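See below for start.pdb, which holds PDB, N, CA and C atoms, pLDDT in the B column.
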ATOM      1  N   ILE A 252      -9.903  -6.397 -13.554  1.00 69.00           N
ATOM      2  CA  ILE A 252      -8.728  -7.137 -13.109  1.00 69.00           C
ATOM      3  C   ILE A 252      -8.903  -8.566 -13.581  1.00 69.00           C
ATOM      4  N   TYR A 253      -7.919  -9.061 -14.250  1.00 72.00           N
ATOM      5  CA  TYR A 253      -7.969 -10.419 -14.786  1.00 72.00           C
ATOM      6  C   TYR A 253      -6.730 -11.161 -14.326  1.00 72.00           C
ATOM      7  N   GLY A 254      -6.917 -12.429 -13.981  1.00 79.00           N
ATOM      8  CA  GLY A 254      -5.773 -13.236 -13.595  1.00 79.00           C
ATOM      9  C   GLY A 254      -6.200 -14.627 -13.198  1.00 79.00           C
ATOM     10  N   PRO A 255      -5.259 -15.496 -12.997  1.00 83.00           N
ATOM     11  CA  PRO A 255      -5.585 -16.871 -12.641  1.00 83.00           C
ATOM     12  C   PRO A 255      -6.178 -16.960 -11.229  1.00 83.00           C
ATOM     13  N   ALA A 256      -6.793 -18.096 -10.960  1.00 79.00           N
ATOM     14  CA  ALA A 256      -7.360 -18.349  -9.640  1.00 79.00           C
ATOM     15  C   ALA A 256      -6.279 -18.209  -8.578  1.00 79.00           C
ATOM     16  N   ALA A 257      -6.683 -17.675  -7.432  1.00 84.00           N
ATOM     17  CA  ALA A 257      -5.809 -17.531  -6.260  1.00 84.00           C
ATOM     18  C   ALA A 257      -4.633 -16.589  -6.510  1.00 84.00           C
ATOM     19  N   SER A 258      -4.816 -15.611  -7.415  1.00 87.00           N
ATOM     20  CA  SER A 258      -3.731 -14.666  -7.687  1.00 87.00           C
ATOM     21  C   SER A 258      -3.887 -13.367  -6.906  1.00 87.00           C
ATOM     22  N   GLY A 259      -4.951 -13.239  -6.101  1.00 88.00           N
ATOM     23  CA  GLY A 259      -5.126 -12.069  -5.265  1.00 88.00           C
ATOM     24  C   GLY A 259      -6.136 -11.055  -5.751  1.00 88.00           C
ATOM     25  N   LYS A 260      -6.906 -11.391  -6.778  1.00 87.00           N
ATOM     26  CA  LYS A 260      -7.888 -10.445  -7.319  1.00 87.00           C
ATOM     27  C   LYS A 260      -8.925 -10.063  -6.265  1.00 87.00           C
ATOM     28  N   THR A 261      -9.482 -11.035  -5.578  1.00 88.00           N
ATOM     29  CA  THR A 261     -10.497 -10.769  -4.564  1.00 88.00           C
ATOM     30  C   THR A 261      -9.898 -10.012  -3.389  1.00 88.00           C
ATOM     31  N   ALA A 262      -8.700 -10.358  -2.990  1.00 91.00           N
ATOM     32  CA  ALA A 262      -8.038  -9.638  -1.903  1.00 91.00           C
ATOM     33  C   ALA A 262      -7.842  -8.171  -2.277  1.00 91.00           C
ATOM     34  N   LEU A 263      -7.495  -7.908  -3.519  1.00 93.00           N
ATOM     35  CA  LEU A 263      -7.348  -6.531  -3.981  1.00 93.00           C
ATOM     36  C   LEU A 263      -8.687  -5.802  -3.910  1.00 93.00           C
ATOM     37  N   CYS A 264      -9.749  -6.460  -4.328  1.00 92.00           N
ATOM     38  CA  CYS A 264     -11.082  -5.857  -4.240  1.00 92.00           C
ATOM     39  C   CYS A 264     -11.449  -5.564  -2.789  1.00 92.00           C
ATOM     40  N   ASN A 265     -11.190  -6.505  -1.896  1.00 94.00           N
ATOM     41  CA  ASN A 265     -11.525  -6.319  -0.486  1.00 94.00           C
ATOM     42  C   ASN A 265     -10.725  -5.180   0.129  1.00 94.00           C
ATOM     43  N   THR A 266      -9.463  -5.066  -0.253  1.00 95.00           N
ATOM     44  CA  THR A 266      -8.637  -3.968   0.228  1.00 95.00           C
ATOM     45  C   THR A 266      -9.171  -2.630  -0.274  1.00 95.00           C
ATOM     46  N   THR A 267      -9.619  -2.601  -1.512  1.00 96.00           N
ATOM     47  CA  THR A 267     -10.192  -1.386  -2.084  1.00 96.00           C
ATOM     48  C   THR A 267     -11.443  -0.967  -1.321  1.00 96.00           C
ATOM     49  N   VAL A 268     -12.302  -1.937  -1.003  1.00 97.00           N
ATOM     50  CA  VAL A 268     -13.517  -1.640  -0.235  1.00 97.00           C
ATOM     51  C   VAL A 268     -13.144  -1.102   1.146  1.00 97.00           C
ATOM     52  N   ALA A 269     -12.210  -1.746   1.802  1.00 97.00           N
ATOM     53  CA  ALA A 269     -11.796  -1.320   3.138  1.00 97.00           C
ATOM     54  C   ALA A 269     -11.216   0.098   3.096  1.00 97.00           C
ATOM     55  N   ASP A 270     -10.397   0.400   2.095  1.00 97.00           N
ATOM     56  CA  ASP A 270      -9.821   1.737   1.958  1.00 97.00           C
ATOM     57  C   ASP A 270     -10.910   2.785   1.744  1.00 97.00           C
ATOM     58  N   LEU A 271     -11.874   2.476   0.898  1.00 97.00           N
ATOM     59  CA  LEU A 271     -12.986   3.395   0.655  1.00 97.00           C
ATOM     60  C   LEU A 271     -13.738   3.664   1.948  1.00 97.00           C
ATOM     61  N   MET A 272     -14.048   2.611   2.686  1.00 96.00           N
ATOM     62  CA  MET A 272     -14.828   2.774   3.912  1.00 96.00           C
ATOM     63  C   MET A 272     -14.039   3.488   5.006  1.00 96.00           C
ATOM     64  N   ALA A 273     -12.735   3.358   4.991  1.00 96.00           N
ATOM     65  CA  ALA A 273     -11.915   4.092   5.959  1.00 96.00           C
ATOM     66  C   ALA A 273     -11.942   5.586   5.669  1.00 96.00           C
ATOM     67  N   LYS A 274     -12.057   5.939   4.401  1.00 97.00           N
ATOM     68  CA  LYS A 274     -12.070   7.349   4.001  1.00 97.00           C
ATOM     69  C   LYS A 274     -13.466   7.955   4.029  1.00 97.00           C
ATOM     70  N   ASP A 275     -14.484   7.124   3.799  1.00 97.00           N
ATOM     71  CA  ASP A 275     -15.870   7.603   3.727  1.00 97.00           C
ATOM     72  C   ASP A 275     -16.749   6.689   4.574  1.00 97.00           C
ATOM     73  N   LYS A 276     -17.102   7.156   5.754  1.00 93.00           N
ATOM     74  CA  LYS A 276     -17.866   6.340   6.714  1.00 93.00           C
ATOM     75  C   LYS A 276     -19.294   6.062   6.253  1.00 93.00           C
ATOM     76  N   ASP A 277     -19.746   6.740   5.189  1.00 96.00           N
ATOM     77  CA  ASP A 277     -21.099   6.532   4.668  1.00 96.00           C
ATOM     78  C   ASP A 277     -21.114   5.756   3.350  1.00 96.00           C
ATOM     79  N   ALA A 278     -19.965   5.311   2.891  1.00 97.00           N
ATOM     80  CA  ALA A 278     -19.875   4.643   1.594  1.00 97.00           C
ATOM     81  C   ALA A 278     -20.688   3.354   1.577  1.00 97.00           C
ATOM     82  N   LEU A 279     -21.347   3.128   0.455  1.00 98.00           N
ATOM     83  CA  LEU A 279     -22.102   1.890   0.226  1.00 98.00           C
ATOM     84  C   LEU A 279     -21.475   1.152  -0.946  1.00 98.00           C
ATOM     85  N   VAL A 280     -21.386  -0.169  -0.810  1.00 98.00           N
ATOM     86  CA  VAL A 280     -20.739  -0.998  -1.823  1.00 98.00           C
ATOM     87  C   VAL A 280     -21.672  -2.117  -2.240  1.00 98.00           C
ATOM     88  N   CYS A 281     -21.726  -2.381  -3.529  1.00 98.00           N
ATOM     89  CA  CYS A 281     -22.420  -3.552  -4.059  1.00 98.00           C
ATOM     90  C   CYS A 281     -21.351  -4.525  -4.543  1.00 98.00           C
ATOM     91  N   TYR A 282     -21.374  -5.725  -4.003  1.00 96.00           N
ATOM     92  CA  TYR A 282     -20.379  -6.752  -4.326  1.00 96.00           C
ATOM     93  C   TYR A 282     -21.115  -7.879  -5.042  1.00 96.00           C
ATOM     94  N   ILE A 283     -20.896  -7.998  -6.335  1.00 96.00           N
ATOM     95  CA  ILE A 283     -21.533  -9.033  -7.144  1.00 96.00           C
ATOM     96  C   ILE A 283     -20.566 -10.201  -7.252  1.00 96.00           C
ATOM     97  N   ASP A 284     -20.970 -11.326  -6.686  1.00 92.00           N
ATOM     98  CA  ASP A 284     -20.100 -12.500  -6.595  1.00 92.00           C
ATOM     99  C   ASP A 284     -20.595 -13.575  -7.560  1.00 92.00           C
ATOM    100  N   VAL A 285     -19.816 -13.834  -8.584  1.00 88.00           N
ATOM    101  CA  VAL A 285     -20.202 -14.809  -9.600  1.00 88.00           C
ATOM    102  C   VAL A 285     -19.836 -16.231  -9.174  1.00 88.00           C
ATOM    103  N   GLU A 286     -18.723 -16.370  -8.476  1.00 82.00           N
ATOM    104  CA  GLU A 286     -18.235 -17.705  -8.133  1.00 82.00           C
ATOM    105  C   GLU A 286     -18.777 -18.236  -6.808  1.00 82.00           C
ATOM    106  N   GLY A 287     -19.482 -17.398  -6.055  1.00 83.00           N
ATOM    107  CA  GLY A 287     -20.040 -17.840  -4.780  1.00 83.00           C
ATOM    108  C   GLY A 287     -18.990 -18.060  -3.710  1.00 83.00           C
ATOM    109  N   THR A 288     -17.920 -17.273  -3.753  1.00 82.00           N
ATOM    110  CA  THR A 288     -16.812 -17.491  -2.817  1.00 82.00           C
ATOM    111  C   THR A 288     -16.686 -16.412  -1.747  1.00 82.00           C
ATOM    112  N   ILE A 289     -17.412 -15.307  -1.879  1.00 89.00           N
ATOM    113  CA  ILE A 289     -17.253 -14.219  -0.915  1.00 89.00           C
ATOM    114  C   ILE A 289     -17.866 -14.604   0.433  1.00 89.00           C
ATOM    115  N   ARG A 290     -17.185 -14.238   1.491  1.00 90.00           N
ATOM    116  CA  ARG A 290     -17.656 -14.511   2.852  1.00 90.00           C
ATOM    117  C   ARG A 290     -17.581 -13.217   3.644  1.00 90.00           C
ATOM    118  N   LYS A 291     -18.644 -12.904   4.370  1.00 93.00           N
ATOM    119  CA  LYS A 291     -18.654 -11.688   5.181  1.00 93.00           C
ATOM    120  C   LYS A 291     -17.500 -11.675   6.171  1.00 93.00           C
ATOM    121  N   GLU A 292     -17.177 -12.830   6.720  1.00 94.00           N
ATOM    122  CA  GLU A 292     -16.098 -12.905   7.699  1.00 94.00           C
ATOM    123  C   GLU A 292     -14.768 -12.463   7.083  1.00 94.00           C
ATOM    124  N   TRP A 293     -14.551 -12.841   5.836  1.00 92.00           N
ATOM    125  CA  TRP A 293     -13.313 -12.465   5.161  1.00 92.00           C
ATOM    126  C   TRP A 293     -13.279 -10.958   4.915  1.00 92.00           C
ATOM    127  N   LEU A 294     -14.424 -10.393   4.494  1.00 95.00           N
ATOM    128  CA  LEU A 294     -14.493  -8.944   4.318  1.00 95.00           C
ATOM    129  C   LEU A 294     -14.175  -8.234   5.634  1.00 95.00           C
ATOM    130  N   GLU A 295     -14.739  -8.740   6.729  1.00 95.00           N
ATOM    131  CA  GLU A 295     -14.495  -8.135   8.039  1.00 95.00           C
ATOM    132  C   GLU A 295     -13.021  -8.215   8.423  1.00 95.00           C
ATOM    133  N   ASP A 296     -12.353  -9.296   8.037  1.00 95.00           N
ATOM    134  CA  ASP A 296     -10.909  -9.415   8.302  1.00 95.00           C
ATOM    135  C   ASP A 296     -10.115  -8.299   7.618  1.00 95.00           C
ATOM    136  N   PHE A 297     -10.648  -7.777   6.524  1.00 94.00           N
ATOM    137  CA  PHE A 297     -10.003  -6.680   5.809  1.00 94.00           C
ATOM    138  C   PHE A 297     -10.399  -5.321   6.379  1.00 94.00           C
ATOM    139  N   GLY A 298     -11.311  -5.322   7.361  1.00 94.00           N
ATOM    140  CA  GLY A 298     -11.753  -4.072   7.964  1.00 94.00           C
ATOM    141  C   GLY A 298     -12.984  -3.477   7.320  1.00 94.00           C
ATOM    142  N   VAL A 299     -13.731  -4.290   6.593  1.00 96.00           N
ATOM    143  CA  VAL A 299     -14.931  -3.828   5.895  1.00 96.00           C
ATOM    144  C   VAL A 299     -16.138  -3.897   6.833  1.00 96.00           C
ATOM    145  N   ASP A 300     -16.929  -2.823   6.855  1.00 96.00           N
ATOM    146  CA  ASP A 300     -18.196  -2.802   7.583  1.00 96.00           C
ATOM    147  C   ASP A 300     -19.241  -3.464   6.683  1.00 96.00           C
ATOM    148  N   THR A 301     -19.523  -4.726   6.936  1.00 96.00           N
ATOM    149  CA  THR A 301     -20.399  -5.492   6.050  1.00 96.00           C
ATOM    150  C   THR A 301     -21.853  -5.031   6.089  1.00 96.00           C
ATOM    151  N   SER A 302     -22.202  -4.198   7.060  1.00 97.00           N
ATOM    152  CA  SER A 302     -23.569  -3.665   7.076  1.00 97.00           C
ATOM    153  C   SER A 302     -23.772  -2.657   5.941  1.00 97.00           C
ATOM    154  N   ARG A 303     -22.677  -2.207   5.339  1.00 97.00           N
ATOM    155  CA  ARG A 303     -22.754  -1.259   4.227  1.00 97.00           C
ATOM    156  C   ARG A 303     -22.372  -1.897   2.897  1.00 97.00           C
ATOM    157  N   VAL A 304     -22.421  -3.243   2.863  1.00 97.00           N
ATOM    158  CA  VAL A 304     -22.112  -3.981   1.638  1.00 97.00           C
ATOM    159  C   VAL A 304     -23.314  -4.841   1.277  1.00 97.00           C
ATOM    160  N   GLU A 305     -23.804  -4.653   0.069  1.00 97.00           N
ATOM    161  CA  GLU A 305     -24.848  -5.527  -0.447  1.00 97.00           C
ATOM    162  C   GLU A 305     -24.158  -6.592  -1.287  1.00 97.00           C
ATOM    163  N   ILE A 306     -24.311  -7.836  -0.868  1.00 96.00           N
ATOM    164  CA  ILE A 306     -23.709  -8.944  -1.599  1.00 96.00           C
ATOM    165  C   ILE A 306     -24.782  -9.577  -2.476  1.00 96.00           C
ATOM    166  N   VAL A 307     -24.474  -9.670  -3.757  1.00 97.00           N
ATOM    167  CA  VAL A 307     -25.374 -10.282  -4.726  1.00 97.00           C
ATOM    168  C   VAL A 307     -24.694 -11.535  -5.254  1.00 97.00           C
ATOM    169  N   LEU A 308     -25.333 -12.667  -5.078  1.00 95.00           N
ATOM    170  CA  LEU A 308     -24.808 -13.920  -5.621  1.00 95.00           C
ATOM    171  C   LEU A 308     -25.401 -14.122  -7.004  1.00 95.00           C
ATOM    172  N   ALA A 309     -24.542 -14.109  -8.004  1.00 95.00           N
ATOM    173  CA  ALA A 309     -24.971 -14.254  -9.394  1.00 95.00           C
ATOM    174  C   ALA A 309     -24.517 -15.622  -9.897  1.00 95.00           C
ATOM    175  N   GLY A 310     -25.462 -16.459 -10.230  1.00 90.00           N
ATOM    176  CA  GLY A 310     -25.137 -17.813 -10.654  1.00 90.00           C
ATOM    177  C   GLY A 310     -24.645 -17.927 -12.080  1.00 90.00           C
ATOM    178  N   THR A 311     -24.983 -16.959 -12.891  1.00 93.00           N
ATOM    179  CA  THR A 311     -24.578 -16.992 -14.299  1.00 93.00           C
ATOM    180  C   THR A 311     -24.038 -15.620 -14.700  1.00 93.00           C
ATOM    181  N   SER A 312     -23.384 -15.576 -15.838  1.00 91.00           N
ATOM    182  CA  SER A 312     -22.877 -14.286 -16.318  1.00 91.00           C
ATOM    183  C   SER A 312     -24.038 -13.350 -16.650  1.00 91.00           C
ATOM    184  N   GLU A 313     -25.158 -13.891 -17.093  1.00 95.00           N
ATOM    185  CA  GLU A 313     -26.335 -13.056 -17.363  1.00 95.00           C
ATOM    186  C   GLU A 313     -26.867 -12.445 -16.066  1.00 95.00           C
ATOM    187  N   ASP A 314     -26.920 -13.247 -14.996  1.00 96.00           N
ATOM    188  CA  ASP A 314     -27.341 -12.719 -13.687  1.00 96.00           C
ATOM    189  C   ASP A 314     -26.394 -11.616 -13.230  1.00 96.00           C
ATOM    190  N   ALA A 315     -25.098 -11.822 -13.427  1.00 95.00           N
ATOM    191  CA  ALA A 315     -24.108 -10.834 -13.018  1.00 95.00           C
ATOM    192  C   ALA A 315     -24.274  -9.539 -13.802  1.00 95.00           C
ATOM    193  N   THR A 316     -24.508  -9.659 -15.094  1.00 95.00           N
ATOM    194  CA  THR A 316     -24.706  -8.476 -15.933  1.00 95.00           C
ATOM    195  C   THR A 316     -25.952  -7.719 -15.505  1.00 95.00           C
ATOM    196  N   ASN A 317     -27.026  -8.443 -15.248  1.00 97.00           N
ATOM    197  CA  ASN A 317     -28.264  -7.793 -14.800  1.00 97.00           C
ATOM    198  C   ASN A 317     -28.070  -7.108 -13.450  1.00 97.00           C
ATOM    199  N   ALA A 318     -27.374  -7.766 -12.540  1.00 97.00           N
ATOM    200  CA  ALA A 318     -27.113  -7.175 -11.222  1.00 97.00           C
ATOM    201  C   ALA A 318     -26.246  -5.926 -11.353  1.00 97.00           C
ATOM    202  N   LEU A 319     -25.248  -5.976 -12.209  1.00 97.00           N
ATOM    203  CA  LEU A 319     -24.374  -4.837 -12.439  1.00 97.00           C
ATOM    204  C   LEU A 319     -25.165  -3.653 -12.996  1.00 97.00           C
ATOM    205  N   GLN A 320     -25.979  -3.907 -13.989  1.00 97.00           N
ATOM    206  CA  GLN A 320     -26.794  -2.846 -14.584  1.00 97.00           C
ATOM    207  C   GLN A 320     -27.740  -2.246 -13.546  1.00 97.00           C
ATOM    208  N   SER A 321     -28.353  -3.081 -12.734  1.00 97.00           N
ATOM    209  CA  SER A 321     -29.271  -2.613 -11.703  1.00 97.00           C
ATOM    210  C   SER A 321     -28.553  -1.765 -10.663  1.00 97.00           C
ATOM    211  N   ALA A 322     -27.381  -2.218 -10.224  1.00 97.00           N
ATOM    212  CA  ALA A 322     -26.626  -1.479  -9.213  1.00 97.00           C
ATOM    213  C   ALA A 322     -26.224  -0.103  -9.725  1.00 97.00           C
ATOM    214  N   VAL A 323     -25.790  -0.037 -10.970  1.00 97.00           N
ATOM    215  CA  VAL A 323     -25.372   1.237 -11.547  1.00 97.00           C
ATOM    216  C   VAL A 323     -26.579   2.157 -11.719  1.00 97.00           C
ATOM    217  N   ARG A 324     -27.699   1.603 -12.179  1.00 97.00           N
ATOM    218  CA  ARG A 324     -28.908   2.414 -12.372  1.00 97.00           C
ATOM    219  C   ARG A 324     -29.415   2.999 -11.062  1.00 97.00           C
ATOM    220  N   GLN A 325     -29.302   2.228  -9.974  1.00 96.00           N
ATOM    221  CA  GLN A 325     -29.785   2.712  -8.691  1.00 96.00           C
ATOM    222  C   GLN A 325     -29.053   3.969  -8.257  1.00 96.00           C
ATOM    223  N   GLY A 326     -27.788   4.037  -8.580  1.00 97.00           N
ATOM    224  CA  GLY A 326     -27.008   5.221  -8.275  1.00 97.00           C
ATOM    225  C   GLY A 326     -26.735   5.464  -6.801  1.00 97.00           C
ATOM    226  N   ILE A 327     -26.917   4.458  -5.964  1.00 97.00           N
ATOM    227  CA  ILE A 327     -26.710   4.647  -4.520  1.00 97.00           C
ATOM    228  C   ILE A 327     -25.364   4.119  -4.041  1.00 97.00           C
ATOM    229  N   PHE A 328     -24.698   3.354  -4.891  1.00 98.00           N
ATOM    230  CA  PHE A 328     -23.443   2.719  -4.477  1.00 98.00           C
ATOM    231  C   PHE A 328     -22.248   3.589  -4.858  1.00 98.00           C
ATOM    232  N   ASP A 329     -21.307   3.671  -3.934  1.00 98.00           N
ATOM    233  CA  ASP A 329     -20.077   4.394  -4.203  1.00 98.00           C
ATOM    234  C   ASP A 329     -19.080   3.529  -4.959  1.00 98.00           C
ATOM    235  N   LEU A 330     -19.263   2.219  -4.863  1.00 97.00           N
ATOM    236  CA  LEU A 330     -18.385   1.261  -5.543  1.00 97.00           C
ATOM    237  C   LEU A 330     -19.190   0.018  -5.861  1.00 97.00           C
ATOM    238  N   VAL A 331     -19.041  -0.486  -7.076  1.00 97.00           N
ATOM    239  CA  VAL A 331     -19.653  -1.751  -7.477  1.00 97.00           C
ATOM    240  C   VAL A 331     -18.530  -2.676  -7.912  1.00 97.00           C
ATOM    241  N   ILE A 332     -18.509  -3.860  -7.305  1.00 95.00           N
ATOM    242  CA  ILE A 332     -17.480  -4.853  -7.634  1.00 95.00           C
ATOM    243  C   ILE A 332     -18.156  -6.040  -8.272  1.00 95.00           C
ATOM    244  N   LEU A 333     -17.600  -6.484  -9.369  1.00 92.00           N
ATOM    245  CA  LEU A 333     -18.036  -7.710 -10.035  1.00 92.00           C
ATOM    246  C   LEU A 333     -16.875  -8.676  -9.946  1.00 92.00           C
ATOM    247  N   ASP A 334     -17.031  -9.691  -9.109  1.00 87.00           N
ATOM    248  CA  ASP A 334     -15.942 -10.628  -8.860  1.00 87.00           C
ATOM    249  C   ASP A 334     -16.406 -12.037  -9.234  1.00 87.00           C
TER     250      ASP A 334
END
The structure given in the file should be rewritten as structure tokens.
Amino acid sequence: IYGPAASGKTALCNTTVADLMAKDKDALVCYIDVEGTIRKEWLEDFGVDTSRVEIVLAGTSEDATNALQSAVRQGIFDLVILD
């Protein structure tokens, strides 16, 4: 998903996580945050069980790429978000 700042990309991701968790009570999510803007409180406002979300703060695009590769290799996450 690509778009300008404040266009709703993160809200769409949060809604997707909440929908997944509503359908699958055991779902695990890896949320890779490049901009350092994600807040657990905001996820909870969307109905996300944050105990089943691993938040990775990636300071650079290289960190984000490494985190993404690691999350996929682990194979334990039902959804990986790179925001």
Show me, as a PyMOL selection string, the residues that have an atom within 8 Å of segment 255-271 of chain A when counting only N, CA and C atoms, minus same-chain residues fewer than 4 positions from it. chain A and resi 275-280+293-294+297-300+330+332+334
Please extract the residues of chain A with a backbone DSSP assignment of strand (DSSP E or B) and present them as a PyMOL selection string. chain A and resi 280-284+304-308+330-333
Shell around Ile306 of chain A at 8 Å using all atoms listed in the file, local window under 5 positions removed, as a ChimeraX atom specification: /A:280-284,301
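The two atoms in question, atom N of Glu286 of chain A and atom CA of Val307 of chain A, are spaced 9.8 Å apart.
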Run DSSP on the backbone and tell me which residues of chain A come out as helix (DSSP H, G or I); list them as a PyMOL selection string. chain A and resi 260-274+291-296+301-303+312-325
Expand the PyMOL selection byres (((chain A and resi 309-314 and name CA) around 6) and name CA) into the explicit residue set it covers here, and present it as a PyMOL selection string. chain A and resi 284-285+308+315-317
Please measure the separation of atom CA of Gly254 of chain A and atom N of Leu333 of chain A, giving the value in Å to one decimal.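 Spanning atom CA of Gly254 of chain A to atom N of Leu333 of chain A is a straight-line distance of 14.3 Å.
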Two-atom distance - atom C of Ile327 of chain A, atom CA of Met272 of chain A (Å): 13.3 Å
Assuming 4 Å of padding per side, give the centre and edge lengths of the axis-aligned box around every listed atom of segment 295-305 of chain A, in Å to one decimal and as JSON.
{"center_x": -17.4, "center_y": -5.3, "center_z": 3.6, "size_x": 22.8, "size_y": 16.2, "size_z": 17.7}
Missing atoms in segment 312-329 of chain A should be modelled up to N, CA, C and O atoms and reported as a tab-separated table (two decimals), keeping the file's coordinate frame.
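Result file result-v1.tsv:
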chain	number	residue	atom	x	y	z
A	312	SER	N	-23.38	-15.58	-15.84
A	312	SER	CA	-22.88	-14.29	-16.32
A	312	SER	C	-24.04	-13.35	-16.65
A	312	SER	O	-23.92	-12.13	-16.47
A	313	GLU	N	-25.16	-13.89	-17.09
A	313	GLU	CA	-26.34	-13.06	-17.36
A	313	GLU	C	-26.87	-12.44	-16.07
A	313	GLU	O	-27.21	-11.25	-16.02
A	314	ASP	N	-26.92	-13.25	-15.00
A	314	ASP	CA	-27.34	-12.72	-13.69
A	314	ASP	C	-26.39	-11.62	-13.23
A	314	ASP	O	-26.82	-10.60	-12.69
A	315	ALA	N	-25.10	-11.82	-13.43
A	315	ALA	CA	-24.11	-10.83	-13.02
A	315	ALA	C	-24.27	-9.54	-13.80
A	315	ALA	O	-24.21	-8.45	-13.23
A	316	THR	N	-24.51	-9.66	-15.09
A	316	THR	CA	-24.71	-8.48	-15.93
A	316	THR	C	-25.95	-7.72	-15.50
A	316	THR	O	-25.93	-6.48	-15.38
A	317	ASN	N	-27.03	-8.44	-15.25
A	317	ASN	CA	-28.26	-7.79	-14.80
A	317	ASN	C	-28.07	-7.11	-13.45
A	317	ASN	O	-28.56	-5.99	-13.24
A	318	ALA	N	-27.37	-7.77	-12.54
A	318	ALA	CA	-27.11	-7.18	-11.22
A	318	ALA	C	-26.25	-5.93	-11.35
A	318	ALA	O	-26.48	-4.92	-10.67
A	319	LEU	N	-25.25	-5.98	-12.21
A	319	LEU	CA	-24.37	-4.84	-12.44
A	319	LEU	C	-25.16	-3.65	-13.00
A	319	LEU	O	-25.05	-2.52	-12.51
A	320	GLN	N	-25.98	-3.91	-13.99
A	320	GLN	CA	-26.79	-2.85	-14.58
A	320	GLN	C	-27.74	-2.25	-13.55
A	320	GLN	O	-27.89	-1.02	-13.46
A	321	SER	N	-28.35	-3.08	-12.73
A	321	SER	CA	-29.27	-2.61	-11.70
A	321	SER	C	-28.55	-1.76	-10.66
A	321	SER	O	-29.04	-0.70	-10.26
A	322	ALA	N	-27.38	-2.22	-10.22
A	322	ALA	CA	-26.63	-1.48	-9.21
A	322	ALA	C	-26.22	-0.10	-9.72
A	322	ALA	O	-26.31	0.89	-9.00
A	323	VAL	N	-25.79	-0.04	-10.97
A	323	VAL	CA	-25.37	1.24	-11.55
A	323	VAL	C	-26.58	2.16	-11.72
A	323	VAL	O	-26.52	3.36	-11.40
A	324	ARG	N	-27.70	1.60	-12.18
A	324	ARG	CA	-28.91	2.41	-12.37
A	324	ARG	C	-29.42	3.00	-11.06
A	324	ARG	O	-29.92	4.12	-11.04
A	325	GLN	N	-29.30	2.23	-9.97
A	325	GLN	CA	-29.78	2.71	-8.69
A	325	GLN	C	-29.05	3.97	-8.26
A	325	GLN	O	-29.63	4.84	-7.60
A	326	GLY	N	-27.79	4.04	-8.58
A	326	GLY	CA	-27.01	5.22	-8.28
A	326	GLY	C	-26.74	5.46	-6.80
A	326	GLY	O	-26.36	6.56	-6.42
A	327	ILE	N	-26.92	4.46	-5.96
A	327	ILE	CA	-26.71	4.65	-4.52
A	327	ILE	C	-25.36	4.12	-4.04
A	327	ILE	O	-24.95	4.40	-2.92
A	328	PHE	N	-24.70	3.35	-4.89
A	328	PHE	CA	-23.44	2.72	-4.48
A	328	PHE	C	-22.25	3.59	-4.86
A	328	PHE	O	-22.18	4.12	-5.96
A	329	ASP	N	-21.31	3.67	-3.93
A	329	ASP	CA	-20.08	4.39	-4.20
A	329	ASP	C	-19.08	3.53	-4.96
A	329	ASP	O	-18.17	4.05	-5.62
